[in-house]
Amino acid sequence: MFATAAALFATVLAPAANAGAARPSRPEPAVTAAGLADLPAVTPVMDCAAVKGLDLGGVTDAPVTITSSTVVTTGAAPYCEVRGTIAPADTVVMRLPVAGWTQRFVQTGCGGLCGSANINYGQASTCPVVQDGTVASATTDMGHQGLNDGSWALDDPQAQIDFAYRGVHVTSQVAKAVIERFYGRGPAYSYFTGCSDGGREALMEAQRYPDDFDGIAAGAPANNMVVQNTFHHAWNVLTNKDADGDYILLADKLPLIHRAVLAACDALDGLTDGLLDDPRRCDFDPGTLVCASGQAPSTCLTAAQAGVVRRLHDGATDDRGHRLEVAVSHEWGSELEWTLFVPRAQGETVASENFVTSFARYLAYTNAPDPGFRLSDLDFTAESFRRTVRSSAYLAAMDPDLGAFERSGGKLLLWHGWNDQHISPQGTLAYYDALRTTMGARTADRFTRLYMFPGVAHCGGGDGPNTFDVLTPVMAWAESATRPGRIVASGLVNGTVTRTRPVYPYPEVARYDGTGSVDDAANFVASAPSFRPDRDAYDWLGERLYSHGYQTWCSAVDGELVCRPDRTGRARGV
């Protein structure tokens, strides 16, 4: 019975004929100091307990069941916590302020392979209207429950569709409907914020469902998901193995390498502060660390170890040197974060290996699960690459044509940490470049900004100032046409701010003005960099994935994925 309903999903959830149509005009409100609309607070028109009894038939493409609605008094302000399910298995969690709702809705993304529904604002947690609890919010587990082992996808094509793109969309539909019933009116503005897979979800929304959100903050997006969870992470492991299967480079060498990188490149931006403001300017040669005759091994690298460092930086290739991912897999300056894939001791299974096996066994190959898959089964060849990336047609979010989102009035803020150990910042730079090339720089600048955060690791952490607010600039842009400028990032030690540093819209960088503390953002100004990236870095086997028209819409039929247009047999142009 459900196969029939599932077959309807692709039709119902494909872009509507009016996708990208302008949103209804809004009155011009007063504006706060942060650039947000000064929206009057709205009081609920029904009790929280009554939400459980709402009839939500017809709100989305499948039945909706509200399982609980209770008032929670912990946190900044009391809220009605709503839990429910969108058939077949998308768990939805909502928070609806019981007083003082300022007519905004924020949906948060989910990282990894998801599997749990927890509202996590991430680098939006310091947004004023998030801090004071006056926003309504929601999230989803994206259609399955469990850990990141990928086994939930086995023999469950609908779960794969929900994870690929459906779960976030239907959650937005249901959340907005509940908000409208609870307050007697829908949100004046709707936003999405997420990092890692949450960043992929963010871009998937802009590409496939351009009317869902007025503003989107997409951090460190895993939008090249298939390549990311196969060749990228597998290379992290296999390029560090010798003929006997032992690791060549262990984590005890990472501080040595990091110090050498900083010694070579830290001062290139005019400050010796432990940060590379643009690692692409750093031309570090790991060969300079190879041990000289008689040198203490603890102070240097073997030639084999130096080769591993170079290959980890450069990224995956085949045996002819063809790139299997965008050039530069791990930026110089991020070496202390490499414990994700460089073990502390022989015999350890590193996280990168788990990422690949979880994904390749159950998700990477359309209708072809292989629970016995091992890293050694992945061939680093052009043929293997083309076969593997076929599922990008529904799992990846790399379409650079955001015309419908732009015409709908949407605003997009992309961001990435330069020290990201999981997802290469180069992937985000490549997507931003493709977006500007596809839409034209002038059009892209009307609705898109990119921020690159020095020293910041995956979604946070790292040596740089790593706490910042990416949501307020999006809100101000959507609500008062205030174009995003600098974002101030803070470094904290035991809750105390020890350093602040501004980050400007790419490609501008922060430069010390020569006065005052170098740990105070007030003493920095925006500067146009003289450095220009090498566009050859974007020349790789999957380059054409950054193009319009490769995405498909899938349905679950007789236990398998059926996608239209049928491009799972080949990735467009790859």
# chains A, B, ... in the order shown; residues from 1 in each chain; ligands from 1
call {"tool": "closest_atom_pairs", "arguments": {"of": "segment 323-360 of chain A", "to": "segment 247-263 of chain A", "cutoff": "7 Å", "atoms": "only C-alpha atoms", "output": "JSON lines"}}
result
{"residue": "A:Trp332", "atom": "CA", "partner": "A:Val261", "partner_atom": "CA", "distance": 6.7}
{"residue": "A:Gly333", "atom": "CA", "partner": "A:His258", "partner_atom": "CA", "distance": 6.2}
{"residue": "A:Glu335", "atom": "CA", "partner": "A:His258", "partner_atom": "CA", "distance": 5.4}
{"residue": "A:Leu336", "atom": "CA", "partner": "A:Leu254", "partner_atom": "CA", "distance": 5.8}
{"residue": "A:Thr339", "atom": "CA", "partner": "A:Ala251", "partner_atom": "CA", "distance": 6.2}
{"residue": "A:Val342", "atom": "CA", "partner": "A:Ala251", "partner_atom": "CA", "distance": 5.6}
{"residue": "A:Pro343", "atom": "CA", "partner": "A:Leu250", "partner_atom": "CA", "distance": 5.5}
{"residue": "A:Arg344", "atom": "CA", "partner": "A:Ala251", "partner_atom": "CA", "distance": 4.8}
{"residue": "A:Ala345", "atom": "CA", "partner": "A:Leu250", "partner_atom": "CA", "distance": 6.5}
{"residue": "A:Gln346", "atom": "CA", "partner": "A:Tyr247", "partner_atom": "CA", "distance": 6.4}
call {"tool": "write_last_selection", "arguments": {"atoms": "N, CA, C and O atoms", "output": "JSON list (two decimals), in the first residue's frame"}}
result
[["chain", "number", "residue", "atom", "x", "y", "z"],
["A", 332, "TRP", "N", 46.92, 23.90, 4.41],
["A", 332, "TRP", "CA", 48.03, 24.14, 5.33],
["A", 332, "TRP", "C", 47.53, 24.98, 6.51],
["A", 332, "TRP", "O", 46.75, 25.92, 6.33],
["A", 333, "GLY", "N", 47.97, 24.61, 7.69],
["A", 333, "GLY", "CA", 47.53, 25.27, 8.91],
["A", 333, "GLY", "C", 46.53, 24.45, 9.70],
["A", 333, "GLY", "O", 46.29, 24.72, 10.87],
["A", 335, "GLU", "N", 46.80, 21.15, 10.37],
["A", 335, "GLU", "CA", 47.43, 19.85, 10.67],
["A", 335, "GLU", "C", 47.02, 19.29, 12.03],
["A", 335, "GLU", "O", 46.92, 18.07, 12.19],
["A", 336, "LEU", "N", 46.78, 20.15, 13.01],
["A", 336, "LEU", "CA", 46.41, 19.64, 14.34],
["A", 336, "LEU", "C", 45.05, 18.97, 14.33],
["A", 336, "LEU", "O", 44.73, 18.20, 15.25],
["A", 339, "THR", "N", 43.86, 14.46, 13.21],
["A", 339, "THR", "CA", 43.62, 13.24, 13.98],
["A", 339, "THR", "C", 42.32, 12.56, 13.57],
["A", 339, "THR", "O", 42.07, 11.42, 13.96],
["A", 342, "VAL", "N", 44.47, 10.59, 10.85],
["A", 342, "VAL", "CA", 45.82, 10.13, 11.18],
["A", 342, "VAL", "C", 45.78, 9.56, 12.59],
["A", 342, "VAL", "O", 45.51, 10.29, 13.55],
["A", 343, "PRO", "N", 46.01, 8.27, 12.76],
["A", 343, "PRO", "CA", 45.81, 7.63, 14.07],
["A", 343, "PRO", "C", 46.93, 7.94, 15.05],
["A", 343, "PRO", "O", 48.04, 8.33, 14.66],
["A", 344, "ARG", "N", 46.65, 7.71, 16.30],
["A", 344, "ARG", "CA", 47.66, 7.87, 17.34],
["A", 344, "ARG", "C", 48.55, 6.64, 17.45],
["A", 344, "ARG", "O", 49.68, 6.73, 17.93],
["A", 345, "ALA", "N", 48.02, 5.49, 17.03],
["A", 345, "ALA", "CA", 48.79, 4.24, 17.15],
["A", 345, "ALA", "C", 48.36, 3.28, 16.05],
["A", 345, "ALA", "O", 47.26, 3.40, 15.48],
["A", 346, "GLN", "N", 49.23, 2.34, 15.72],
["A", 346, "GLN", "CA", 48.90, 1.30, 14.75],
["A", 346, "GLN", "C", 47.69, 0.50, 15.24],
["A", 346, "GLN", "O", 47.49, 0.31, 16.44]]
call {"tool": "select_by_dssp", "arguments": {"residues": "segment 365-569 of chain A", "states": "strand (DSSP E or B)", "output": "mmCIF file with C-alpha atoms, in the first residue's frame"}}
result
data_model
loop_
_atom_site.group_PDB
_atom_site.id
_atom_site.type_symbol
_atom_site.label_atom_id
_atom_site.label_comp_id
_atom_site.auth_asym_id
_atom_site.auth_seq_id
_atom_site.Cartn_x
_atom_site.Cartn_y
_atom_site.Cartn_z
ATOM 1 C CA LYS A 411 19.244 35.289 0.531
ATOM 2 C CA LEU A 412 22.132 32.829 0.896
ATOM 3 C CA LEU A 413 25.113 33.061 3.224
ATOM 4 C CA LEU A 414 27.780 30.416 2.598
ATOM 5 C CA TRP A 415 30.530 29.934 5.149
ATOM 6 C CA HIS A 416 33.459 27.611 5.787
ATOM 7 C CA GLY A 417 36.376 27.309 8.190
ATOM 8 C CA THR A 448 24.793 35.484 -2.022
ATOM 9 C CA ARG A 449 27.725 36.058 0.315
ATOM 10 C CA LEU A 450 30.638 33.771 1.224
ATOM 11 C CA TYR A 451 32.687 33.947 4.438
ATOM 12 C CA MET A 452 35.922 32.039 5.042
ATOM 13 C CA PHE A 453 36.939 31.844 8.720
ATOM 14 C CA THR A 467 32.279 31.513 17.735
ATOM 15 C CA ILE A 487 31.088 39.130 10.921
ATOM 16 C CA VAL A 488 33.014 39.282 14.187
ATOM 17 C CA ALA A 489 34.322 35.919 15.355
ATOM 18 C CA SER A 490 35.338 35.414 18.978
ATOM 19 C CA GLY A 491 37.831 33.136 20.653
ATOM 20 C CA LEU A 492 36.844 31.974 24.113
ATOM 21 C CA VAL A 493 38.788 30.350 26.927
ATOM 22 C CA THR A 496 35.887 34.379 28.503
ATOM 23 C CA VAL A 497 36.478 36.158 25.201
ATOM 24 C CA THR A 498 40.227 36.362 24.599
ATOM 25 C CA ARG A 499 40.305 37.412 20.953
ATOM 26 C CA THR A 500 37.957 38.885 18.388
ATOM 27 C CA ARG A 501 38.622 39.105 14.694
ATOM 28 C CA PRO A 502 36.441 40.370 11.826
ATOM 29 C CA VAL A 503 35.747 38.229 8.784
ATOM 30 C CA VAL A 509 40.367 39.691 4.177
ATOM 31 C CA ALA A 510 40.978 41.416 7.506
ATOM 32 C CA ARG A 511 44.152 43.477 7.837
ATOM 33 C CA TYR A 512 45.547 44.937 11.049
ATOM 34 C CA PHE A 524 41.220 45.530 11.622
ATOM 35 C CA VAL A 525 39.946 46.770 8.281
ATOM 36 C CA ALA A 526 38.790 45.076 5.102
ATOM 37 C CA SER A 527 41.419 44.615 2.415
ATOM 38 C CA TRP A 553 13.578 13.216 -8.541
ATOM 39 C CA CYS A 554 13.155 9.749 -7.092
ATOM 40 C CA SER A 555 10.373 7.543 -5.790
ATOM 41 C CA ALA A 556 10.273 4.200 -4.015
ATOM 42 C CA VAL A 557 8.782 1.509 -6.229
ATOM 43 C CA GLU A 560 13.960 0.173 -5.271
ATOM 44 C CA LEU A 561 14.751 3.763 -6.164
ATOM 45 C CA VAL A 562 13.286 4.888 -9.474
ATOM 46 C CA CYS A 563 14.536 8.312 -10.530
ATOM 47 C CA ARG A 564 13.378 10.681 -13.259
#
call {"tool": "closest_atom_pairs", "arguments": {"of": "segment 381-421 of chain A", "to": "segment 224-233 of chain A", "cutoff": "9 Å", "atoms": "only C-alpha atoms", "output": "CSV"}}
result
residue,atom,partner,partner_atom,distance
A:Phe385,CA,A:Phe231,CA,8.1
A:Thr388,CA,A:Val226,CA,7.5
A:Val389,CA,A:Val226,CA,6.0
A:Arg390,CA,A:Val226,CA,8.6
A:Ser391,CA,A:Val226,CA,7.1
A:Ser392,CA,A:Val226,CA,5.9
A:Leu395,CA,A:Met225,CA,6.6
A:Ala396,CA,A:Asn224,CA,5.2
A:Ala397,CA,A:Asn224,CA,6.6
A:Met398,CA,A:Asn224,CA,6.6
call {"tool": "closest_residue", "arguments": {"among": "A:Ala364, A:Leu435, A:Ala304, A:Cys282", "to": "Arg387 of chain A", "atoms": "only C-alpha atoms"}}
result
A:Ala364
